[in-house]
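The structure file final36.cif is reproduced below (mmCIF, C-alpha atoms and all ligand atoms).
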```cif
data_data
#
loop_
_atom_site.label_atom_id
_atom_site.label_comp_id
_atom_site.auth_asym_id
_atom_site.auth_seq_id
_atom_site.Cartn_x
_atom_site.Cartn_y
_atom_site.Cartn_z
CA MET A 1 61.79 90.69 130.63
CA GLY A 2 61.74 86.98 129.89
CA GLU A 3 63.68 83.86 128.97
CA LYS A 4 65.40 83.46 125.62
CA ASN A 5 68.07 81.43 123.92
CA PHE A 6 71.27 82.78 122.40
CA ARG A 7 70.64 80.47 119.43
CA ASP A 8 67.59 82.52 118.50
CA ILE A 9 69.19 85.94 118.78
CA THR A 10 72.62 85.40 117.20
CA SER A 11 73.43 85.01 113.50
CA LEU A 12 75.66 81.96 114.08
CA LYS A 13 72.78 80.22 115.88
CA VAL A 14 74.76 78.76 118.77
CA GLY A 15 74.62 79.26 122.53
CA GLY A 16 72.59 78.27 125.56
CA SER A 17 69.53 79.69 127.23
CA ILE A 18 69.31 83.10 128.87
CA LYS A 19 67.62 83.40 132.25
CA HIS A 20 66.78 87.12 132.08
CA PHE A 21 66.48 88.93 128.76
CA PHE A 22 65.65 92.67 128.75
CA GLU A 23 64.81 94.70 125.67
CA VAL A 24 65.04 98.32 126.74
CA LYS A 25 63.67 101.25 124.74
CA ASN A 26 65.32 104.13 126.56
CA LYS A 27 67.78 105.19 129.26
CA GLU A 28 65.25 104.76 132.10
CA GLY A 29 64.54 101.18 131.05
CA LEU A 30 68.25 100.54 130.82
CA VAL A 31 68.87 101.78 134.34
CA ARG A 32 66.01 99.59 135.63
CA ALA A 33 67.50 96.49 133.96
CA VAL A 34 70.92 97.21 135.46
CA ILE A 35 69.38 97.72 138.93
CA PHE A 36 67.60 94.36 138.56
CA ALA A 37 70.88 92.64 137.69
CA LYS A 38 72.82 94.31 140.48
CA SER A 39 70.23 93.73 143.16
CA ASN A 40 70.14 90.04 142.21
CA LYS A 41 73.94 89.90 141.93
CA LEU A 42 73.71 88.73 138.32
CA PRO A 43 76.26 89.37 135.58
CA ILE A 44 75.26 91.54 132.60
CA PHE A 45 75.90 90.93 128.92
CA THR A 46 74.92 93.55 126.33
CA ILE A 47 73.79 92.34 122.93
CA GLY A 48 72.92 94.02 119.65
CA ASP A 49 71.86 91.86 116.70
CA GLY A 50 74.26 89.09 117.71
CA THR A 51 76.12 89.08 114.37
CA ASP A 52 79.66 89.15 115.73
CA ILE A 53 79.56 86.73 118.64
CA ALA A 54 79.84 82.99 119.26
CA VAL A 55 78.24 82.19 122.60
CA SER A 56 79.10 79.05 124.59
CA ASP A 57 76.52 76.27 124.87
CA ASP A 58 76.09 76.63 128.64
CA ASP A 59 72.94 78.17 130.03
CA TYR A 60 73.43 81.75 131.18
CA ASN A 61 72.12 82.60 134.59
CA GLY A 62 72.54 86.31 134.10
CA VAL A 63 70.99 89.35 132.47
CA VAL A 64 71.21 90.06 128.75
CA ILE A 65 70.33 93.63 127.79
CA LYS A 66 69.41 94.72 124.29
CA TYR A 67 68.97 98.47 123.77
CA ILE A 68 66.32 98.94 121.11
CA GLY A 69 65.83 102.73 121.16
CA ASN A 70 66.20 103.64 117.49
CA ASN A 71 65.93 107.38 116.96
CA ILE A 72 68.07 109.19 114.41
CA SER A 73 68.53 112.97 114.41
CA TYR A 74 70.68 115.44 112.50
CA THR A 75 72.50 118.66 113.40
CA GLY A 76 74.21 120.03 110.32
CA ASN A 77 76.42 117.24 109.01
CA ASN A 78 76.41 115.41 112.34
CA VAL A 79 74.11 112.48 112.87
CA THR A 80 73.09 111.11 116.26
CA ALA A 81 71.78 107.56 116.28
CA GLU A 82 70.55 105.47 119.18
CA SER A 83 72.17 102.07 119.69
CA GLY A 84 69.17 100.10 118.49
CA VAL A 85 69.30 101.62 115.00
CA ASN A 86 70.11 99.06 112.33
CA TRP A 87 73.55 100.04 111.02
CA ASP A 88 72.70 99.66 107.35
CA LYS A 89 69.53 101.70 107.75
CA LEU A 90 71.69 104.54 109.07
CA VAL A 91 74.01 104.23 106.06
CA GLU A 92 71.06 104.26 103.67
CA GLU A 93 69.57 107.31 105.31
CA THR A 94 72.80 109.32 105.37
CA VAL A 95 73.54 108.42 101.74
CA ASN A 96 70.06 109.64 100.79
CA ARG A 97 70.85 112.90 102.58
CA ASN A 98 74.07 113.17 100.56
CA LEU A 99 76.23 112.92 103.67
CA GLN A 100 79.58 111.27 102.99
CA GLY A 101 81.66 109.10 105.32
CA ILE A 102 79.99 105.71 105.83
CA GLU A 103 78.83 104.74 102.33
CA CYS A 104 81.55 102.04 102.07
CA LEU A 105 80.21 100.49 105.28
CA SER A 106 76.97 99.62 103.47
CA GLY A 107 75.55 96.19 104.19
CA ILE A 108 77.40 95.51 107.45
CA PRO A 109 74.88 93.70 109.65
CA GLY A 110 74.25 94.69 113.24
CA THR A 111 73.38 97.72 115.30
CA VAL A 112 74.80 101.21 115.74
CA GLY A 113 75.57 100.45 119.41
CA ALA A 114 77.95 97.63 118.51
CA ALA A 115 79.72 99.51 115.71
CA PRO A 116 82.32 101.19 117.99
CA ILE A 117 83.15 97.94 119.81
CA GLN A 118 85.24 96.56 117.00
CA ASN A 119 85.49 99.82 115.02
CA ILE A 120 83.65 98.32 112.07
CA GLY A 121 85.33 98.73 108.73
CA ALA A 122 85.20 97.70 105.09
CA TYR A 123 86.39 98.83 101.67
CA GLY A 124 88.78 101.47 103.00
CA GLN A 125 86.46 103.10 105.55
CA GLU A 126 86.32 102.63 109.31
CA LEU A 127 83.90 103.96 111.88
CA SER A 128 86.75 105.82 113.58
CA ASP A 129 87.26 107.99 110.45
CA ILE A 130 84.03 109.89 111.12
CA PHE A 131 83.34 109.05 114.77
CA HIS A 132 82.60 112.05 117.01
CA ASN A 133 81.50 110.65 120.37
CA LEU A 134 79.26 108.18 122.15
CA THR A 135 77.17 108.06 125.29
CA ALA A 136 77.26 104.95 127.44
CA TYR A 137 76.02 103.82 130.83
CA ASN A 138 78.87 103.03 133.19
CA ILE A 139 77.50 99.95 134.97
CA GLY A 140 79.94 100.15 137.89
CA LYS A 141 79.52 103.87 138.59
CA GLU A 142 75.82 103.92 137.65
CA LYS A 143 76.02 107.02 135.49
CA PHE A 144 75.94 108.04 131.85
CA VAL A 145 79.29 109.11 130.43
CA THR A 146 80.56 110.43 127.10
CA PHE A 147 83.57 109.10 125.22
CA ASP A 148 85.16 111.07 122.41
CA LYS A 149 87.26 109.54 119.65
CA ASN A 150 90.52 109.56 121.64
CA ASP A 151 88.86 107.98 124.66
CA CYS A 152 87.66 105.05 122.55
CA LYS A 153 91.22 103.98 121.59
CA PHE A 154 90.15 102.73 118.19
CA GLY A 155 92.41 100.36 116.31
CA TYR A 156 92.04 97.79 113.56
CA ARG A 157 88.83 95.93 114.50
CA SER A 158 89.32 97.03 118.08
CA SER A 159 88.53 99.67 120.68
CA LYS A 160 88.90 100.26 124.37
CA PHE A 161 85.63 98.36 124.88
CA LYS A 162 87.26 95.13 123.72
CA ASN A 163 89.98 95.50 126.35
CA ILE A 164 89.38 93.07 129.21
CA LYS A 165 89.47 95.97 131.70
CA PHE A 166 86.47 97.67 130.06
CA TRP A 167 84.74 94.58 128.60
CA GLN A 168 80.99 94.61 129.38
CA LYS A 169 81.43 97.59 131.72
CA PHE A 170 79.61 100.12 129.46
CA ILE A 171 76.29 100.00 127.65
CA ILE A 172 76.33 102.32 124.67
CA THR A 173 73.08 104.25 124.10
CA ASP A 174 73.91 106.86 121.42
CA VAL A 175 76.61 107.44 118.85
CA ILE A 176 77.38 110.73 117.07
CA LEU A 177 79.11 110.69 113.69
CA LYS A 178 80.64 113.72 112.03
CA LEU A 179 79.88 113.26 108.34
CA ASN A 180 80.85 115.44 105.38
CA LYS A 181 78.62 117.31 102.98
CA ASN A 182 79.20 115.43 99.74
CA LYS A 183 80.30 117.48 96.76
CA LYS A 184 81.40 115.18 94.00
CA LEU A 185 80.81 111.48 94.72
CA ASP A 186 77.83 109.41 93.62
CA LEU A 187 77.20 107.99 97.09
CA ASN A 188 74.23 105.93 96.05
CA LYS A 189 76.18 104.23 93.28
CA ILE A 190 79.03 103.45 95.69
CA ARG A 191 76.49 102.00 98.12
CA GLN A 192 74.78 99.86 95.46
CA ASP A 193 78.13 98.59 94.11
CA ILE A 194 79.23 97.60 97.59
CA LEU A 195 75.93 95.89 98.42
CA LYS A 196 76.25 93.90 95.18
CA LEU A 197 79.85 92.95 95.91
CA ARG A 198 79.05 91.88 99.47
CA ASN A 199 76.11 89.86 98.25
CA GLU A 200 78.33 87.98 95.79
CA LYS A 201 81.20 87.45 98.23
CA LEU A 202 79.60 86.85 101.61
CA GLU A 203 77.01 84.48 103.05
CA ASP A 204 73.71 86.09 103.98
CA PRO A 205 73.12 85.35 107.69
CA LYS A 206 69.37 85.46 107.08
CA LEU A 207 69.76 82.38 104.84
CA ILE A 208 72.80 80.60 106.28
CA PRO A 209 73.86 81.05 109.91
CA ASN A 210 77.27 82.76 110.09
CA ALA A 211 79.03 85.67 111.80
CA GLY A 212 80.86 87.21 108.84
CA SER A 213 84.66 87.16 108.77
CA PHE A 214 85.65 84.74 111.46
CA PHE A 215 89.31 85.81 111.70
CA ILE A 216 91.14 89.13 111.70
CA ASN A 217 93.50 89.70 108.78
CA PRO A 218 96.97 89.31 110.30
CA PHE A 219 99.77 91.86 110.10
CA VAL A 220 103.38 90.78 109.61
CA ASN A 221 106.70 92.61 109.66
CA PHE A 222 109.01 93.14 106.69
CA LYS A 223 111.14 90.09 107.43
CA THR A 224 108.15 87.76 107.52
CA LYS A 225 106.76 89.34 104.36
CA GLU A 226 110.06 88.63 102.57
CA ARG A 227 110.07 85.04 103.75
CA LEU A 228 106.47 84.46 102.67
CA GLU A 229 106.57 86.17 99.29
CA LYS A 230 109.55 84.07 98.21
CA LYS A 231 107.51 80.93 98.79
CA TYR A 232 104.02 82.12 97.85
CA ARG A 233 104.22 84.26 94.71
CA ASP A 234 100.47 85.00 94.61
CA MET A 235 100.22 86.13 98.25
CA LYS A 236 98.92 89.69 98.59
CA PHE A 237 100.31 92.19 101.11
CA TYR A 238 98.73 95.53 101.98
CA VAL A 239 101.13 98.09 103.45
CA THR A 240 99.94 99.76 106.67
CA GLY A 241 102.66 101.85 108.31
CA ASP A 242 105.62 99.53 108.81
CA LYS A 243 103.44 96.38 108.75
CA PHE A 244 101.93 94.27 106.00
CA LYS A 245 98.38 93.00 106.12
CA ILE A 246 97.68 89.56 104.64
CA PRO A 247 94.13 88.43 103.77
CA ALA A 248 93.33 85.68 106.28
CA GLY A 249 91.00 84.11 103.70
CA TYR A 250 94.00 83.45 101.43
CA LEU A 251 95.85 81.62 104.22
CA ILE A 252 92.80 79.52 105.08
CA GLU A 253 92.18 78.63 101.44
CA LYS A 254 95.84 77.67 100.91
CA ALA A 255 95.66 75.53 104.04
CA GLY A 256 92.90 73.58 102.28
CA TRP A 257 89.97 74.58 104.49
CA LYS A 258 87.74 76.41 101.99
CA GLY A 259 84.44 74.53 101.66
CA LYS A 260 85.57 71.87 104.17
CA SER A 261 83.31 70.55 106.94
CA LEU A 262 84.14 69.43 110.43
CA GLY A 263 81.11 67.79 112.02
CA PRO A 264 77.98 69.86 111.43
CA VAL A 265 79.81 73.15 110.70
CA LYS A 266 81.91 74.17 107.73
CA VAL A 267 84.02 76.80 106.00
CA SER A 268 81.98 78.61 103.35
CA ASP A 269 82.48 77.62 99.69
CA LYS A 270 82.08 81.30 98.82
CA HIS A 271 84.63 82.79 101.19
CA ALA A 272 87.29 80.97 103.20
CA LEU A 273 87.08 83.56 105.98
CA VAL A 274 83.50 82.67 106.84
CA ILE A 275 82.47 79.76 109.07
CA ILE A 276 78.90 78.62 108.56
CA ASN A 277 76.50 76.57 110.64
CA PRO A 278 74.51 75.38 107.60
CA ASP A 279 71.39 73.91 109.17
CA GLY A 280 71.81 75.51 112.58
CA LYS A 281 72.62 72.14 114.20
CA GLY A 282 76.20 72.99 115.15
CA THR A 283 77.09 74.03 118.68
CA PHE A 284 79.62 76.50 120.06
CA LYS A 285 81.91 73.51 120.66
CA ASP A 286 81.69 72.54 116.98
CA ILE A 287 82.47 76.08 115.83
CA LYS A 288 85.41 76.40 118.23
CA LYS A 289 86.78 73.00 117.16
CA LEU A 290 86.75 74.04 113.49
CA ALA A 291 88.26 77.46 114.23
CA ASP A 292 91.02 75.87 116.33
CA ALA A 293 91.81 73.35 113.57
CA ILE A 294 92.14 76.22 111.06
CA ILE A 295 94.36 78.23 113.43
CA LYS A 296 96.59 75.19 113.97
CA ASP A 297 96.99 74.40 110.25
CA VAL A 298 97.61 78.01 109.20
CA ASN A 299 100.21 78.34 111.94
CA LYS A 300 101.90 75.12 110.90
CA ILE A 301 102.09 76.11 107.23
CA PHE A 302 102.77 79.87 107.40
CA GLY A 303 103.99 80.48 110.95
CA ILE A 304 101.11 82.95 111.46
CA LYS A 305 98.66 82.65 114.34
CA LEU A 306 95.18 83.76 113.29
CA GLU A 307 93.04 85.56 115.87
CA PRO A 308 89.25 85.25 115.82
CA GLU A 309 87.39 88.44 114.89
CA VAL A 310 84.17 86.91 116.15
CA GLN A 311 84.05 87.34 119.91
CA TYR A 312 83.83 84.15 121.96
CA ILE A 313 81.40 84.71 124.78
CA ASN A 314 81.98 82.18 127.52
CA VAL A 315 78.98 83.04 129.60
C1 LIG A 401 77.61 88.58 106.96
C2 LIG A 401 78.39 89.45 107.90
C3 LIG A 401 79.24 90.41 107.38
C4 LIG A 401 79.97 91.25 108.22
N1 LIG A 401 80.79 92.19 107.66
C5 LIG A 401 81.52 93.00 108.45
C6 LIG A 401 82.38 93.99 107.88
O1 LIG A 401 82.48 94.14 106.67
N2 LIG A 401 83.10 94.78 108.73
C7 LIG A 401 82.99 94.67 110.09
O2 LIG A 401 83.67 95.42 110.79
N3 LIG A 401 82.17 93.74 110.65
C8 LIG A 401 81.44 92.92 109.87
N4 LIG A 401 80.62 91.97 110.44
C9 LIG A 401 80.56 91.84 111.90
C10 LIG A 401 79.35 92.57 112.55
O3 LIG A 401 78.41 92.89 111.59
C11 LIG A 401 79.78 93.84 113.26
O4 LIG A 401 80.77 93.56 114.21
C12 LIG A 401 78.60 94.53 113.96
O5 LIG A 401 79.02 95.77 114.48
C13 LIG A 401 77.99 93.69 115.08
O6 LIG A 401 76.79 94.29 115.47
P1 LIG A 401 75.76 93.52 116.40
O7 LIG A 401 74.69 94.48 116.76
O8 LIG A 401 75.31 92.28 115.74
O9 LIG A 401 76.67 93.19 117.65
P2 LIG A 401 76.65 91.90 118.60
O10 LIG A 401 77.19 90.73 117.83
O11 LIG A 401 75.34 91.74 119.25
O12 LIG A 401 77.72 92.32 119.69
C14 LIG A 401 79.07 92.52 119.33
C15 LIG A 401 79.79 93.13 120.54
O13 LIG A 401 79.27 94.42 120.81
C16 LIG A 401 78.81 94.50 122.16
N5 LIG A 401 77.63 95.38 122.13
C17 LIG A 401 76.53 95.28 121.33
N6 LIG A 401 75.69 96.31 121.55
C18 LIG A 401 76.27 97.07 122.52
C19 LIG A 401 75.89 98.26 123.20
N7 LIG A 401 74.76 98.90 122.93
N8 LIG A 401 76.71 98.74 124.15
C20 LIG A 401 77.88 98.12 124.47
N9 LIG A 401 78.30 96.98 123.86
C21 LIG A 401 77.50 96.48 122.89
C22 LIG A 401 78.50 93.07 122.56
O14 LIG A 401 78.56 92.91 123.95
C23 LIG A 401 79.61 92.33 121.83
O15 LIG A 401 80.80 92.45 122.56
C24 LIG A 401 79.86 91.12 109.62
C25 LIG A 401 78.98 90.16 110.15
C26 LIG A 401 78.26 89.33 109.31
C27 LIG A 401 77.32 88.32 109.88
#
```
Starting from the coordinates I provided, produce the structure as C-alpha cells.
Amino acid sequence: MGEKNFRDITSLKVGGSIKHFFEVKNKEGLVRAVIFAKSNKLPIFTIGDGTDIAVSDDDYNGVVIKYIGNNISYTGNNVTAESGVNWDKLVEETVNRNLQGIECLSGIPGTVGAAPIQNIGAYGQELSDIFHNLTAYNIGKEKFVTFDKNDCKFGYRSSKFKNIKFWQKFIITDVILKLNKNKKLDLNKIRQDILKLRNEKLEDPKLIPNAGSFFINPFVNFKTKERLEKKYRDMKFYVTGDKFKIPAGYLIEKAGWKGKSLGPVKVSDKHALVIINPDGKGTFKDIKKLADAIIKDVNKIFGIKLEPEVQYINV
C-alpha cells in the first residue's frame, strides 16, 4: 500500500493524487484491501492499466485497487486468465496455441480484468463473441460471484458494469473465454496485419499520452441517415440491425478538429478520434474542455451528440 498519482498510472497522464493505492496479487490480498477501505469508510476505485479513463485533477482520498494476479490456464479450448494479465499477451498466447476468437483484438492496450467492462472490440470481433464467464468480488456483499455472458449484459462498448447501479461494485479477478480450435485461418498473419494497421493508425500511448478512441461511434436511424447522406456524399454508414453506425472520427474531422489544439491538449494528426496530451502537461480540465468543444461543434453541424468512450472518473 502507498501513495500514488493517477497521472503516473493512466495513459492519458491526467488526474490527482491517490491516498491509498493497493496492488493485490490474489483474492486474499483483494479481500484485505476491501476490508481496509470499508473499515476506514473510504470509497474504492478499481484500476487496470488506466488506458480507458480520464481522472479528474482533484486528489482522491480513497482506495485504488489494482489486481495484478496474472496466471493463464487452459482447459480444452477454454482459457482462464486472471485480471492482471496484459490483454495483448493473452491474444499472442492464444494465437500461438492456434485458438481462434480474439486474434482481431490484437494490440488493444490494457488488462484482461477491464476487457468485459466496455466489451472491448475491434475489426469485427468483440469480447462478448467468445466470453464464457467471469469471477468478481462483490464489494457490498463481501463474496466472490460468477457472471455468465447473459448476466454481463454486453452491448456495443458497454456492459452491466458500466451501468451506474453496478459501477465500481465488483472487482473482476478472472475471466474465462471459450475459444475455437482453428482449422483454416492463419491467425498469426491476421494478428501481425492488425498490429501493423493499428500502429499506422493510432497513437502509441507509450510515446504520446492518449486513451485511444475518445468517442463512441454513434448510431442513427434510417431517417437521419437519409438526411445526412444527401448532404455528405462521402459519409460512411455501417448497418447494424435497424441502425446505422457512423465513424465518429469522420464527424470530428469534418468539423475541423483533426490536428487542432486547445491549450496544452490536442486532437491527433493521425486519427481524429484520438485526443492526445502531447507533453503530459494537460489536465483533466483541459481534456474535458476539448472534448466538450468537439461535442458541441459536431452536434451543431450534424445534429449528432457524441458520447465519450473514455470514462470520466470524477473521484
Ligand atoms: C491506443 C489505444 C487503443 C485502444 N484501442 C481500443 C480498441 O480497439 N477497442 C477497445 O474496445 N478499446 C480500445 N482501447 C481502450 C482500452 O484499451 C480498453 O478499454 C481496455 O480494456 C482498458 O483496459 P485497462 O486495464 O487500461 O482499464 P482501465 O482504464 O484501468 O479501466 C477501465 C475501466 O475498467 C474498470 N476496471 C479495470 N480493471 C477492473 C477489474 N479488475 N475489475 C473491475 N473493474 C475493472 C475500471 O474501474 C474502469 O471503469 C484503446 C486504448 C488505447 C490507449
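Distance annotation: of A:Asn299, A:Thr111, A:Asn78, A:Thr146, the residue with the minimal separation from ligand LIG 401 (chain A) is A:Thr111; atom set is all atoms listed in the file.
Between atom CA of A:Leu197 and atom CA of A:Lys184 there is a distance of 22.4 Å.
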Closest-contact table, chain A side, partner ligand LIG 401 (chain A), 8 Å, counting all atoms listed in the file, as a tab-separated table:
```
residue	atom	partner	partner_atom	distance
A:Thr10	CA	A:LIG401	O10	7.0
A:Ser11	CA	A:LIG401	C27	6.3
A:Leu12	CA	A:LIG401	C27	7.8
A:Phe45	CA	A:LIG401	O14	6.0
A:Thr46	CA	A:LIG401	O14	4.4
A:Ile47	CA	A:LIG401	O11	4.0
A:Gly48	CA	A:LIG401	O11	3.3
A:Asp49	CA	A:LIG401	O8	3.6
A:Gly50	CA	A:LIG401	O11	3.2
A:Thr51	CA	A:LIG401	O8	3.6
A:Asp52	CA	A:LIG401	O10	3.6
A:Ile53	CA	A:LIG401	O10	4.7
A:Lys66	CA	A:LIG401	N7	6.9
A:Tyr67	CA	A:LIG401	N7	5.9
A:Ser83	CA	A:LIG401	N7	5.2
A:Gly84	CA	A:LIG401	N7	7.2
A:Asn86	CA	A:LIG401	O7	7.8
A:Trp87	CA	A:LIG401	O5	7.8
A:Leu105	CA	A:LIG401	O1	6.9
A:Gly107	CA	A:LIG401	N1	7.4
A:Ile108	CA	A:LIG401	N1	4.7
A:Pro109	CA	A:LIG401	O3	4.1
A:Gly110	CA	A:LIG401	O6	3.4
A:Thr111	CA	A:LIG401	O7	3.8
A:Val112	CA	A:LIG401	O7	6.8
A:Gly113	CA	A:LIG401	N7	3.9
A:Ala114	CA	A:LIG401	C17	3.9
A:Ala115	CA	A:LIG401	O5	4.0
A:Pro116	CA	A:LIG401	O5	7.3
A:Ile117	CA	A:LIG401	O13	5.3
A:Gln118	CA	A:LIG401	O4	6.1
A:Asn119	CA	A:LIG401	O2	6.4
A:Ile120	CA	A:LIG401	O2	3.2
A:Gly121	CA	A:LIG401	O2	4.2
A:Ala122	CA	A:LIG401	O1	4.8
A:Tyr123	CA	A:LIG401	O1	7.9
A:Glu126	CA	A:LIG401	O2	7.8
A:Ala136	CA	A:LIG401	N8	7.0
A:Arg157	CA	A:LIG401	O2	6.4
A:Phe161	CA	A:LIG401	N9	7.5
A:Lys162	CA	A:LIG401	O15	7.1
A:Trp167	CA	A:LIG401	O15	7.5
A:Gln168	CA	A:LIG401	O14	6.2
A:Phe170	CA	A:LIG401	C20	5.6
A:Ile171	CA	A:LIG401	N8	3.7
A:Ile172	CA	A:LIG401	N8	3.6
A:Thr173	CA	A:LIG401	N7	5.7
A:Leu202	CA	A:LIG401	C1	6.0
A:Glu203	CA	A:LIG401	C1	5.7
A:Asp204	CA	A:LIG401	C1	5.5
A:Pro205	CA	A:LIG401	C1	5.6
A:Asn210	CA	A:LIG401	C27	5.6
A:Ala211	CA	A:LIG401	C27	3.7
A:Gly212	CA	A:LIG401	C26	3.4
A:Ser213	CA	A:LIG401	C4	6.2
A:Val310	CA	A:LIG401	C9	7.4
A:Gln311	CA	A:LIG401	O15	6.6
```
Quick one: which stretch 196-220 of chain A residues come within 12 Å of stretch 224-236 of chain A, and what is the nearest atom pair for each with the distance in Å to one decimal, counting only C-alpha atoms, rows ordered by chain and ascending number, as JSON lines?
```
{"residue": "A:Asn217", "atom": "CA", "partner": "A:Lys236", "partner_atom": "CA", "distance": 11.5}
{"residue": "A:Pro218", "atom": "CA", "partner": "A:Lys225", "partner_atom": "CA", "distance": 11.5}
{"residue": "A:Phe219", "atom": "CA", "partner": "A:Lys225", "partner_atom": "CA", "distance": 9.4}
{"residue": "A:Val220", "atom": "CA", "partner": "A:Thr224", "partner_atom": "CA", "distance": 6.0}
```
Filtering to C-alpha atoms, could you give me those residues as a PDB file, in the coordinates of the input?
```pdb
ATOM      1  CA  ASN A 217      93.500  89.700 108.780  1.00  0.00           C
ATOM      2  CA  PRO A 218      96.970  89.310 110.300  1.00  0.00           C
ATOM      3  CA  PHE A 219      99.770  91.860 110.100  1.00  0.00           C
ATOM      4  CA  VAL A 220     103.380  90.780 109.610  1.00  0.00           C
TER       5      VAL A 220
END
```
(request) Rank nothing, just name the residue among A:Lys260, A:Ala33, A:Glu309, A:Ser17 nearest to A:Glu142, using all atoms listed in the file. (result) A:Ala33
(request) Have a look at A:Ala54, A:Ile164, A:Ile176, A:Val64 and name the one nearest to A:Val34; count only C-alpha atoms. (result) A:Val64
(request) Quick one: everything within 12 Å of A:Glu93, counting only C-alpha atoms, minus sequence neighbours fewer than 2 positions away in the same chain. Send it as a ChimeraX atom specification. (result) /A:72-74,79,81,85-91,95-100,102-103,106,187-188,191
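The residue that comes closest to A:Glu3, out of A:Tyr156, A:Phe36, A:Phe144, A:Tyr60 and on the basis of all atoms listed in the file, is A:Tyr60.
From atom CA of A:Ile208 back to atom CA of A:Lys189, the distance works out to 27.2 Å.
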